[in-house]
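**Student:** Dropping a structure here in structure tokens format, bear with me for questions.
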Amino acid sequence: MYGDPAELRKILTELGDTWAVVGLSSNQTRAAYRVADVLQRYGKRIVPVHPKAETVHGEQGYASLSDIPFPVDVVDVFVNSDLAGGVADEAVAIGAKAVWYQLGVVDEAAYERTRAAGLAMVMDRCPAIELPRLG
């Protein structure tokens, strides 16, 4: 339900290459740091979104999605499920095309709201795992 293969492929290959990574900081021990690196290696432009607004992997960071001064295609969410719904709502508000909840992040109500707003969405998946599978 949360990761239909066609939806995964669509997000990864058709909806655009600018990915806001919410929860991405310069902490190299965090999964967000490693996943952002993989996204870059696959040609995605990553945009770090974290309260510290740090530059990560050479890309300027922003404190929130609404602070990003250019269009974002996909919002990749590395916050816990309790906070993820608010991030999905922000993704809708900024005009993103898709929301991607990382492994362990699930919010069914947010999924329904986001899909109803016309965005593609997957939950409980990792693009760093799914990109190499595309072949």
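As shown in the structure tokens, the chain order sets the letters A, B, ...; within each chain, residues go from 1, and ligands are also counted from 1 in the order they appear.
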Hey, what does DSSP flag as helix (DSSP H, G or I) within chain A? Can you give it to me as a ChimeraX atom specification?

**Tutor:** /A:5-13,31-41,65-67,81-94,108-116,127-133

**Student:** I'd like the neighbourhood of stretch 109-117 of chain A as an MDAnalysis selection string, where a residue qualifies if any of its atoms comes within 10 Å (using only C-alpha atoms), though same-chain residues fewer than 5 positions away should be ignored.

**Tutor:** chainID A and resid 2 81 84:93 95 97:99 101 122:123

**Student:** Which polymer residues have any atom within 6 Å of an atom of stretch 11-27 of chain A, counting only C-alpha atoms, with same-chain residues fewer than 5 positions away left out, as a list of chain:residue names?

**Tutor:** A:Ala32, A:Lys44, A:Arg45, A:Ile46, A:Val47, A:Pro48, A:Val49, A:His50, A:Val56, A:Val72, A:Asp73, A:Val74, A:Val75, A:Asp76, A:Val77, A:Phe78

**Student:** Keeping N, CA and C atoms for every residue in the selection just given, could you write it to a file as a short mmCIF file (atom, residue, chain, number, x, y, z; two decimals), in the first residue's frame?

**Tutor:**
```
data_model
loop_
_atom_site.label_atom_id
_atom_site.label_comp_id
_atom_site.auth_asym_id
_atom_site.auth_seq_id
_atom_site.Cartn_x
_atom_site.Cartn_y
_atom_site.Cartn_z
N ALA A 32 19.92 10.27 7.22
CA ALA A 32 19.63 11.32 6.25
C ALA A 32 20.89 11.76 5.51
N LYS A 44 20.32 13.68 -8.24
CA LYS A 44 19.32 14.53 -7.60
C LYS A 44 20.00 15.73 -6.94
N ARG A 45 19.34 16.87 -6.99
CA ARG A 45 19.79 18.03 -6.24
C ARG A 45 19.15 17.94 -4.86
N ILE A 46 19.95 17.88 -3.82
CA ILE A 46 19.41 17.79 -2.48
C ILE A 46 19.38 19.19 -1.86
N VAL A 47 18.36 19.41 -1.05
CA VAL A 47 18.20 20.67 -0.34
C VAL A 47 18.03 20.33 1.15
N PRO A 48 19.05 20.57 1.96
CA PRO A 48 18.94 20.26 3.38
C PRO A 48 17.89 21.15 4.07
N VAL A 49 17.01 20.52 4.85
CA VAL A 49 16.02 21.27 5.63
C VAL A 49 16.15 20.81 7.07
N HIS A 50 16.59 21.73 7.91
CA HIS A 50 16.86 21.43 9.32
C HIS A 50 16.87 22.76 10.06
N VAL A 56 25.11 21.17 3.62
CA VAL A 56 25.42 19.75 3.68
C VAL A 56 25.66 19.25 2.26
N VAL A 72 10.53 22.89 -5.30
CA VAL A 72 10.98 21.58 -4.81
C VAL A 72 10.07 20.53 -5.43
N ASP A 73 10.67 19.48 -5.96
CA ASP A 73 9.88 18.41 -6.58
C ASP A 73 9.42 17.37 -5.56
N VAL A 74 10.35 16.90 -4.74
CA VAL A 74 10.06 15.83 -3.80
C VAL A 74 10.53 16.25 -2.41
N VAL A 75 9.70 15.96 -1.40
CA VAL A 75 10.08 16.21 -0.02
C VAL A 75 10.32 14.86 0.63
N ASP A 76 11.57 14.61 1.01
CA ASP A 76 12.02 13.36 1.62
C ASP A 76 12.07 13.60 3.13
N VAL A 77 11.32 12.81 3.89
CA VAL A 77 11.05 13.12 5.30
C VAL A 77 11.77 12.17 6.25
N PHE A 78 12.70 12.74 7.03
CA PHE A 78 13.46 12.02 8.04
C PHE A 78 13.10 12.50 9.45
#
```

**Student:** Step one, run DSSP on the backbone; step two, keep only residues of chain A assigned to strand (DSSP E or B); then write them as a VMD selection string.

**Tutor:** chain A and resid 18 to 22 45 to 49 56 59 62 74 to 77 98 to 101 120 to 122

**Student:** Do a neighbour search on stretch 124-134 of chain A at 8 Å with only C-alpha atoms, toss out local chain neighbours closer than 3 positions, and write the hits as number ranges by chain.

**Tutor:** A: 2-3, 8-9, 12, 35, 38-39, 42, 100-106

**Student:** I'd like the interatomic distance between atom CA of A:Asp37 and atom CA of A:His57, to a tenth of an Å.

**Tutor:**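 Taking atom CA of A:Asp37 as the start and atom CA of A:His57 as the end point, the length is 7.1 Å.
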
**Student:** Can you tell me how far atom CA of A:Ala31 sits from atom CA of A:Pro5, in Å to one decimal?

**Tutor:**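 One can read the atom CA of A:Ala31 to atom CA of A:Pro5 distance as 22.6 Å.
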
**Student:** Which residue out of A:Gly58, A:Ala6, A:Ala96, A:Ser66 has the minimum interatomic distance to A:Gln40 when only C-alpha atoms are used?

**Tutor:** A:Gly58

**Student:** Choose the residue, out of A:Met121, A:Val79, A:Ala36, A:Ile94, that has the smallest atom-to-atom separation from A:Glu59; count only C-alpha atoms.

**Tutor:**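 Ranking A:Met121, A:Val79, A:Ala36, A:Ile94 by distance to A:Glu59, first place goes to A:Ala36.
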
**Student:** Could you tell me how far atom CA of A:Pro71 lies from atom CA of A:Thr55, in Å and to one decimal?

**Tutor:** 18.3 Å
